Amino acid sequence: MDYQNMTAPCGLDCFNCPVYLANSNEKLREMVAAGLNVPLEKAVCHGCRNEAGVIAAIGRDKPCYVYQCIQEKGISLCCDCSDFPCDYLHPYADQAAQKPHNTKVFNLCLIKKMGLENWAKEKARNVKETYYKGKLKLGD
């Protein structure tokens with residue numbers, strides 16, 4: 001797996017995304033299509049970088065601000081930027097229960113700390129699982 005290519009500039013792990021995984025799983029593609037209310041042929045993605053930041057499955061017809069910004073700055077990940085973290089990565093309540101966008105800054109900090117490959121292999125899936133299913137721990 002080319003983790004560099006399959007990690008979005010904002011820190012989302014495309015390689016764990018159901019829309020990416022739907023490329024090779026017809027049943028998942030049907031579920032994604034139904035969940036996103038898109039035609040079956042649009043219920044796939046090849047990863048942010050491979051799609052040049054244009055994700056048709058979520059209704060995008062142009063790259064998001066983050067993708068445009070890293071292209072302009074000539075960097076690979078937002079955590080490589082001197083302005084990191086910026087408002088393009090700000091977490092929002094809108095659709096937080098359905099989409100892992102509020103994990104971006106945490107993922108980018110882990111990538112910077114652990115390195116991309118280690119984060120991808122050891123932590124990325126856990127971040128998403130904790131975000132959706134974990135319980136807040138405040139101590140004993």
# chains A, B, ... in the order shown; residues from 1 in each chain; ligands from 1

$ select_by_dssp --residues "range 9-101 of chain A" --states "helix (DSSP H, G or I)" --output "number ranges by chain"
A: 14-16, 18-24, 26-36, 40-42, 56-58, 65-73, 78-80, 87-89, 100-101

$ write_last_selection --atoms "N, CA and C atoms" --output "compact mmCIF listing (two decimals), in the first residue's frame"
# COMPACT_ATOMS: atom_id res chain seq x y z
N CYS A 14 -7.48 7.56 3.49
CA CYS A 14 -8.29 7.06 2.37
C CYS A 14 -8.31 5.54 2.33
N PHE A 15 -7.22 4.90 2.72
CA PHE A 15 -7.11 3.45 2.66
C PHE A 15 -8.07 2.74 3.60
N ASN A 16 -8.66 3.45 4.57
CA ASN A 16 -9.67 2.87 5.47
C ASN A 16 -11.08 3.39 5.17
N PRO A 18 -14.70 3.77 3.62
CA PRO A 18 -15.65 2.87 2.96
C PRO A 18 -15.85 3.18 1.47
N VAL A 19 -15.75 4.45 1.09
CA VAL A 19 -15.95 4.82 -0.31
C VAL A 19 -14.77 4.30 -1.16
N TYR A 20 -13.57 4.31 -0.60
CA TYR A 20 -12.42 3.72 -1.29
C TYR A 20 -12.53 2.20 -1.30
N LEU A 21 -12.88 1.62 -0.17
CA LEU A 21 -12.98 0.16 -0.08
C LEU A 21 -14.09 -0.39 -0.97
N ALA A 22 -15.06 0.45 -1.31
CA ALA A 22 -16.16 0.04 -2.20
C ALA A 22 -15.68 -0.25 -3.62
N ASN A 23 -14.47 0.17 -3.97
CA ASN A 23 -13.92 -0.14 -5.29
C ASN A 23 -13.83 -1.64 -5.53
N SER A 24 -13.56 -2.39 -4.48
CA SER A 24 -13.36 -3.83 -4.63
C SER A 24 -14.39 -4.66 -3.86
N GLU A 26 -18.51 -5.05 -3.91
CA GLU A 26 -19.80 -4.67 -4.50
C GLU A 26 -20.88 -4.45 -3.44
N LYS A 27 -20.91 -5.28 -2.41
CA LYS A 27 -21.92 -5.13 -1.35
C LYS A 27 -21.70 -3.80 -0.60
N LEU A 28 -20.46 -3.51 -0.31
CA LEU A 28 -20.14 -2.23 0.35
C LEU A 28 -20.50 -1.07 -0.57
N ARG A 29 -20.24 -1.20 -1.86
CA ARG A 29 -20.59 -0.14 -2.81
C ARG A 29 -22.09 0.13 -2.78
N GLU A 30 -22.89 -0.92 -2.71
CA GLU A 30 -24.35 -0.75 -2.63
C GLU A 30 -24.73 0.00 -1.35
N MET A 31 -24.07 -0.34 -0.24
CA MET A 31 -24.35 0.34 1.03
C MET A 31 -23.92 1.80 0.98
N VAL A 32 -22.76 2.07 0.39
CA VAL A 32 -22.28 3.43 0.26
C VAL A 32 -23.22 4.24 -0.62
N ALA A 33 -23.63 3.68 -1.74
CA ALA A 33 -24.55 4.37 -2.65
C ALA A 33 -25.85 4.73 -1.93
N ALA A 34 -26.38 3.78 -1.18
CA ALA A 34 -27.62 4.03 -0.44
C ALA A 34 -27.39 5.09 0.65
N GLY A 35 -26.28 4.97 1.37
CA GLY A 35 -25.99 5.90 2.46
C GLY A 35 -25.74 7.32 1.98
N LEU A 36 -25.10 7.46 0.84
CA LEU A 36 -24.80 8.79 0.30
C LEU A 36 -25.86 9.27 -0.68
N LEU A 40 -24.87 4.01 -8.06
CA LEU A 40 -23.87 3.00 -7.77
C LEU A 40 -22.50 3.33 -8.38
N GLU A 41 -22.49 3.84 -9.60
CA GLU A 41 -21.22 4.14 -10.26
C GLU A 41 -20.46 5.31 -9.61
N LYS A 42 -21.15 6.13 -8.82
CA LYS A 42 -20.48 7.24 -8.13
C LYS A 42 -20.09 6.89 -6.70
N ALA A 56 -16.35 12.80 -6.22
CA ALA A 56 -17.71 12.82 -6.79
C ALA A 56 -18.73 12.17 -5.87
N ALA A 57 -18.33 11.17 -5.12
CA ALA A 57 -19.26 10.44 -4.25
C ALA A 57 -19.90 11.35 -3.21
N ILE A 58 -19.22 12.43 -2.84
CA ILE A 58 -19.79 13.35 -1.86
C ILE A 58 -20.25 14.65 -2.51
N TYR A 65 -10.68 23.14 -0.23
CA TYR A 65 -9.71 24.19 0.07
C TYR A 65 -8.36 23.61 0.50
N VAL A 66 -8.39 22.53 1.28
CA VAL A 66 -7.13 21.93 1.74
C VAL A 66 -6.30 21.45 0.55
N TYR A 67 -6.93 20.74 -0.36
CA TYR A 67 -6.19 20.22 -1.52
C TYR A 67 -5.63 21.37 -2.36
N GLN A 68 -6.44 22.39 -2.57
CA GLN A 68 -5.96 23.55 -3.33
C GLN A 68 -4.77 24.21 -2.63
N CYS A 69 -4.84 24.30 -1.32
CA CYS A 69 -3.79 24.96 -0.55
C CYS A 69 -2.47 24.20 -0.63
N ILE A 70 -2.49 22.88 -0.45
CA ILE A 70 -1.23 22.13 -0.49
C ILE A 70 -0.63 22.16 -1.89
N GLN A 71 -1.50 22.21 -2.90
CA GLN A 71 -1.00 22.33 -4.28
C GLN A 71 -0.28 23.66 -4.47
N GLU A 72 -0.90 24.74 -3.99
CA GLU A 72 -0.29 26.07 -4.12
C GLU A 72 1.02 26.17 -3.36
N LYS A 73 1.08 25.54 -2.18
CA LYS A 73 2.27 25.64 -1.32
C LYS A 73 3.32 24.60 -1.68
N CYS A 78 -0.70 18.70 5.41
CA CYS A 78 -0.91 19.96 6.14
C CYS A 78 0.07 20.12 7.30
N CYS A 79 0.47 19.02 7.92
CA CYS A 79 1.39 19.13 9.06
C CYS A 79 2.79 19.56 8.62
N ASP A 80 3.05 19.60 7.32
CA ASP A 80 4.32 20.10 6.80
C ASP A 80 4.31 21.62 6.61
N ASP A 87 -7.44 27.23 9.79
CA ASP A 87 -8.90 27.10 9.81
C ASP A 87 -9.45 26.11 8.78
N TYR A 88 -8.66 25.75 7.77
CA TYR A 88 -9.14 24.73 6.82
C TYR A 88 -9.32 23.38 7.52
N LEU A 89 -8.65 23.20 8.64
CA LEU A 89 -8.72 21.94 9.38
C LEU A 89 -9.62 22.03 10.61
N PRO A 100 -15.49 11.37 9.44
CA PRO A 100 -14.41 11.52 10.42
C PRO A 100 -13.57 12.79 10.27
N HIS A 101 -14.13 13.85 9.74
CA HIS A 101 -13.34 15.05 9.47
C HIS A 101 -12.77 15.71 10.72

$ atom_distance --atom1 "CA of Lys121 in chain A" --atom2 "CA of Cys45 in chain A"
20.8 Å

$ atom_distance --atom1 "CA of Gly47 in chain A" --atom2 "CA of Ala8 in chain A"
7.3 Å

$ residues_around --residues "Lys104 in chain A" --least-positions-apart "3" --cutoff "12 Å" --atoms "only C-alpha atoms" --output "ChimeraX atom specification"
/A:7-14,66,77-79,84-92,96,99-101,107-111,124,127-128,131

$ atom_distance --atom1 "CA of Glu122 in chain A" --atom2 "CA of His46 in chain A"
22.1 Å

$ closest_residue --among "A:Ala120, A:Cys17, A:Met6, A:Met1" --to "Gln98 in chain A" --atoms "only C-alpha atoms"
A:Cys17
